[in-house]
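First the structure, in the form of structure tokens, and then the observations on it.
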There are 2 protein chains.
Amino acid sequence: MSSARTSHPTAASSAATDDPRERILSAAGQEFAEKGYEAATIRDICTAAGVNVAAVNYYFGDKRRLYNESVTHAHQQRVRQVPLPKWPPGTPPEQKLRDFVGNMLQRMLGFDQPPWQVRLMLREILHPTDACRELVEDYIRPHFTVLVSILDELTAGSLSKAELRRVGLSVVGQCFLYRAAGDVVNMLIPGPEINRLHTTDQLADHVTSFCLAALGRGTPLTDRNSRLSSHRVSPSGQA
Amino acid sequence: MSSARTSHPTAASSAATDDPRERILSAAGQEFAEKGYEAATIRDICTAAGVNVAAVNYYFGDKRRLYNESVTHAHQQRVRQVPLPKWPPGTPPEQKLRDFVGNMLQRMLGFDQPPWQVRLMLREILHPTDACRELVEDYIRPHFTVLVSILDELTAGSLSKAELRRVGLSVVGQCFLYRAAGDVVNMLIPGPEINRLHTTDQLADHVTSFCLAALGRGTPLTDRNSRLSSHRVSPSGQA
DNA sequence: ACTCTATTCAAACGCCTGTTTCAATCAAGT
DNA sequence: ACTTGATTGAAACAGGCGTTTGAATAGAGT
């Protein structure tokens, strides 16, 4: 009671690496992402962050609150890093769909940036805790709404909202499998095939073609034995 | 060293509930499935199984080996409970696909039987440990092979093996999303819609139609505004 | 120079974990 | 009845965990 623990510092200003609060959040996010909530230890987190064990209690109160703030922090970072694509008016919905799928796969699987934030969010998706609702409302639902509107445009309003949502889930599911069960997928697919056919772009092409064909736009997969009808759409998302 | 710990009992005979080994495996499977490896405690497991804490060390050696045997045990149970459907020769591949998808969804989401074995296997799929390879080879790959052969029959050999596998993953992904990210899906879909349109049968119909349309068999989803062309195929799997 | 407050630090506190001990019990075998 | 081996039981072990303590430090205000 004698120590100064009143008026928690908010540290909303600088995001420099010398801010202990920021360093703890970053280290905690990576530890939680890799090992999960139970297996990650405060001692390891503080060692990685270069601060004393007491710091986490001083800044965050306890482990659970540190976890919640880590999820929020990672998800806000991710939103800034990979915004939803913006299309000029008149963009054909087929290209929008291809861009959206490519963007989603890039965000889920992209190797260009360390994906520990995604892995942390994935844990919340698979085993939701308190931090999940915010994640859904701020991050997942907006993306899903955009997807549904693309599908609505694509089908010219001939599908009900419920049907559109189901189709949207079909699109997401195809991408989600590679992120969530990637290890098992790699065990099912012969080695050379993975490197050639399971790149982010290849997968985006496949998922897009598959869905367009299912919706009656674009040719069914069986009608393209020869390579002449592959109507590639160049990806433009990811800023 | 003085205690009798030589010649571990195999207990391969009876599966009665008075066999301590069996009771521990069952309790451990449920605890591991619900809480994960780290959060599940040996004391809780033994309390649930009605045995002493020393029993797990006596029968299994340590926690890790108990976990591995739990996964194996649950997966073998599941294989016996829900075998792959068998079709008489001449069954149209469309119906086979519908049966397969319905069977997979029933196995993943089925509310008729306690699905803790599936949740335990899901944990292995998401974060593989040593017990994963056996799971893939004995359980997942055979199912996936059947799916690919159905798709091959469906497309009359016009798709390469690599393309067939990609389509197979598209089928699996659509189902997998509901199992792995079911909580988030429920947050994205309005309440009443879940109970009406997201039953196991409805989902199987949707996924099957979606894939058939994408493969050029069956009508695209946009060409069925009126309810007259819904070519339902009754499910026959699940023995 | 002194004070006050915010922050850091090493050390410790209970508590719970997986694991082990060793005596008690039990069920044949002879 | 006695022995033998397998199984169970209550209690303890060492170690790691989240958390707390209280003193040391730093830095600005006056």
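Following the order of the structure tokens, chains are lettered A, B, ..., residues in each are numbered from 1, and ligands are numbered from 1.
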
Test item: chain C residues at most 9 Å from chain A, counting only C-alpha atoms (C1' of nucleotides), as a list in words
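Residues satisfying the distance criterion: DT5, DA6, DT7, DT8 and DC9 of chain C.
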
Considering only C-alpha atoms (C1' of nucleotides), return as a list in words whatever protein or nucleic-acid residues lie within 12 Å of D:DG29, sequence-local ones (same chain, fewer than 5 positions apart) excluded.
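Final neighbour list, sorted by chain and number: DC2, DT3, DC4 and DT5 of chain C.
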
Return as a list of chain:residue names the residues belonging to chain B that are within 6 Å of chain A, counting only C-alpha atoms.
B:Ile125, B:Leu126, B:Ser170, B:Gly173, B:Gln174, B:Leu177, B:Ala180, B:Ala181, B:Phe210, B:Ala213, B:Ala214, B:Leu215, B:Gly216, B:Pro220, B:Leu221, B:Thr222

Give the answer as one residue: which of B:Ala131, B:Leu109, B:Leu97, B:Val148 has the shortest atom-to-atom distance to B:Thr208, using only C-alpha atoms?
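Distance minimum relative to B:Thr208 lands on B:Leu97.
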
With 10 Å as the limit and counting only C-alpha atoms (C1' of nucleotides), what residues in chain D lie close to chain A? Please list them as a list of chain:residue names.
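Filtering chain D at 10 Å from chain A with only C-alpha atoms (C1' of nucleotides) gives D:DG16, D:DC17, D:DG18, D:DT19, D:DT20, D:DT21, D:DG22.
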
Just list as a PyMOL selection string whatever in stretch 13-231 of chain A DSSP marks as alpha helix (DSSP H).
chain A and resi 20-39+42-49+53-60+63-81+93-109+116-126+132-135+141-154+161-180+182-188+191-197+200-214

Would you mind listing what lies within 12 Å of C:DT30 as a JSON list (two decimals) with all heavy atoms, in the first residue's frame, with only C-alpha atoms (C1' of nucleotides) counted and same-chain residues fewer than 6 positions away left out?
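What landed in part-v8.json:
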```
[["chain", "number", "residue", "atom", "x", "y", "z"],
["D", 1, "DA", "P", -4.34, -69.34, 9.15],
["D", 1, "DA", "OP1", -5.01, -68.70, 8.13],
["D", 1, "DA", "OP2", -4.76, -70.13, 10.18],
["D", 1, "DA", "O5'", -2.76, -69.39, 8.85],
["D", 1, "DA", "C5'", -1.92, -70.36, 9.47],
["D", 1, "DA", "C4'", -0.56, -70.32, 8.84],
["D", 1, "DA", "O4'", -0.67, -70.70, 7.44],
["D", 1, "DA", "C3'", 0.08, -68.92, 8.84],
["D", 1, "DA", "O3'", 1.48, -69.09, 9.00],
["D", 1, "DA", "C2'", -0.27, -68.38, 7.45],
["D", 1, "DA", "C1'", -0.30, -69.63, 6.60],
["D", 1, "DA", "N9", -1.30, -69.58, 5.52],
["D", 1, "DA", "C8", -2.58, -69.17, 5.59],
["D", 1, "DA", "N7", -3.24, -69.26, 4.47],
["D", 1, "DA", "C5", -2.30, -69.77, 3.58],
["D", 1, "DA", "C6", -2.38, -70.08, 2.21],
["D", 1, "DA", "N6", -3.47, -69.95, 1.47],
["D", 1, "DA", "N1", -1.26, -70.57, 1.63],
["D", 1, "DA", "C2", -0.16, -70.73, 2.39],
["D", 1, "DA", "N3", 0.02, -70.46, 3.68],
["D", 1, "DA", "C4", -1.10, -69.97, 4.22],
["D", 2, "DC", "P", 2.36, -67.88, 9.45],
["D", 2, "DC", "OP1", 3.28, -68.32, 10.52],
["D", 2, "DC", "OP2", 1.50, -66.70, 9.65],
["D", 2, "DC", "O5'", 3.22, -67.71, 8.13],
["D", 2, "DC", "C5'", 3.71, -68.87, 7.47],
["D", 2, "DC", "C4'", 4.16, -68.52, 6.05],
["D", 2, "DC", "O4'", 3.04, -68.62, 5.14],
["D", 2, "DC", "C3'", 4.70, -67.10, 5.92],
["D", 2, "DC", "O3'", 6.05, -67.16, 5.53],
["D", 2, "DC", "C2'", 3.79, -66.44, 4.87],
["D", 2, "DC", "C1'", 3.16, -67.63, 4.16],
["D", 2, "DC", "N1", 1.80, -67.37, 3.63],
["D", 2, "DC", "C2", 1.52, -67.66, 2.28],
["D", 2, "DC", "O2", 2.42, -68.11, 1.57],
["D", 2, "DC", "N3", 0.27, -67.42, 1.80],
["D", 2, "DC", "C4", -0.68, -66.92, 2.61],
["D", 2, "DC", "N4", -1.90, -66.72, 2.10],
["D", 2, "DC", "C5", -0.43, -66.62, 3.97],
["D", 2, "DC", "C6", 0.81, -66.85, 4.43],
["D", 3, "DT", "P", 6.89, -65.80, 5.29],
["D", 3, "DT", "OP1", 8.27, -66.01, 5.78],
["D", 3, "DT", "OP2", 6.10, -64.66, 5.78],
["D", 3, "DT", "O5'", 6.91, -65.77, 3.70],
["D", 3, "DT", "C5'", 7.12, -66.99, 2.98],
["D", 3, "DT", "C4'", 6.95, -66.75, 1.49],
["D", 3, "DT", "O4'", 5.54, -66.64, 1.15],
["D", 3, "DT", "C3'", 7.62, -65.49, 0.97],
["D", 3, "DT", "O3'", 8.38, -65.82, -0.18],
["D", 3, "DT", "C2'", 6.47, -64.54, 0.66],
["D", 3, "DT", "C1'", 5.34, -65.52, 0.31],
["D", 3, "DT", "N1", 3.97, -65.01, 0.58],
["D", 3, "DT", "C2", 3.02, -65.06, -0.41],
["D", 3, "DT", "O2", 3.24, -65.50, -1.51],
["D", 3, "DT", "N3", 1.78, -64.59, -0.04],
["D", 3, "DT", "C4", 1.42, -64.07, 1.19],
["D", 3, "DT", "O4", 0.28, -63.68, 1.42],
["D", 3, "DT", "C5", 2.45, -64.03, 2.18],
["D", 3, "DT", "C7", 2.18, -63.48, 3.54],
["D", 3, "DT", "C6", 3.68, -64.49, 1.84],
["D", 4, "DT", "P", 9.41, -64.71, -0.75],
["D", 4, "DT", "OP1", 10.61, -65.42, -1.22],
["D", 4, "DT", "OP2", 9.51, -63.61, 0.23],
["D", 4, "DT", "O5'", 8.61, -64.18, -2.02],
["D", 4, "DT", "C5'", 8.02, -65.11, -2.93],
["D", 4, "DT", "C4'", 7.13, -64.37, -3.92],
["D", 4, "DT", "O4'", 5.83, -64.10, -3.36],
["D", 4, "DT", "C3'", 7.69, -63.01, -4.36],
["D", 4, "DT", "O3'", 7.73, -62.95, -5.77],
["D", 4, "DT", "C2'", 6.74, -62.00, -3.76],
["D", 4, "DT", "C1'", 5.43, -62.80, -3.70],
["D", 4, "DT", "N1", 4.46, -62.31, -2.67],
["D", 4, "DT", "C2", 3.14, -62.22, -2.98],
["D", 4, "DT", "O2", 2.70, -62.53, -4.06],
["D", 4, "DT", "N3", 2.34, -61.77, -1.95],
["D", 4, "DT", "C4", 2.74, -61.39, -0.68],
["D", 4, "DT", "O4", 1.94, -60.99, 0.16],
["D", 4, "DT", "C5", 4.14, -61.51, -0.42],
["D", 4, "DT", "C7", 4.70, -61.12, 0.91],
["D", 4, "DT", "C6", 4.93, -61.96, -1.41]]
```

Out of A:Thr17, A:Gln95, A:Gln117, A:Gln81, which residue has the shortest atom-to-atom distance to A:Glu31 when counting only C-alpha atoms?
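Going through A:Thr17, A:Gln95, A:Gln117, A:Gln81 one by one, the smallest distance to A:Glu31 is for A:Gln117.
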
Computed interatomic separation between atom CA of A:Glu153 and atom CA of A:Pro85 (Å)
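For atom CA of A:Glu153 relative to atom CA of A:Pro85, the distance reads 16.2 Å.
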
State, in Å with one decimal place, the distance from atom CA of A:Val56 to atom CA of A:Arg80.
25.5 Å

Can you measure atom CA of B:Asp138 to atom CA of B:Ala33 for me? One decimal in Å is fine.
19.7 Å
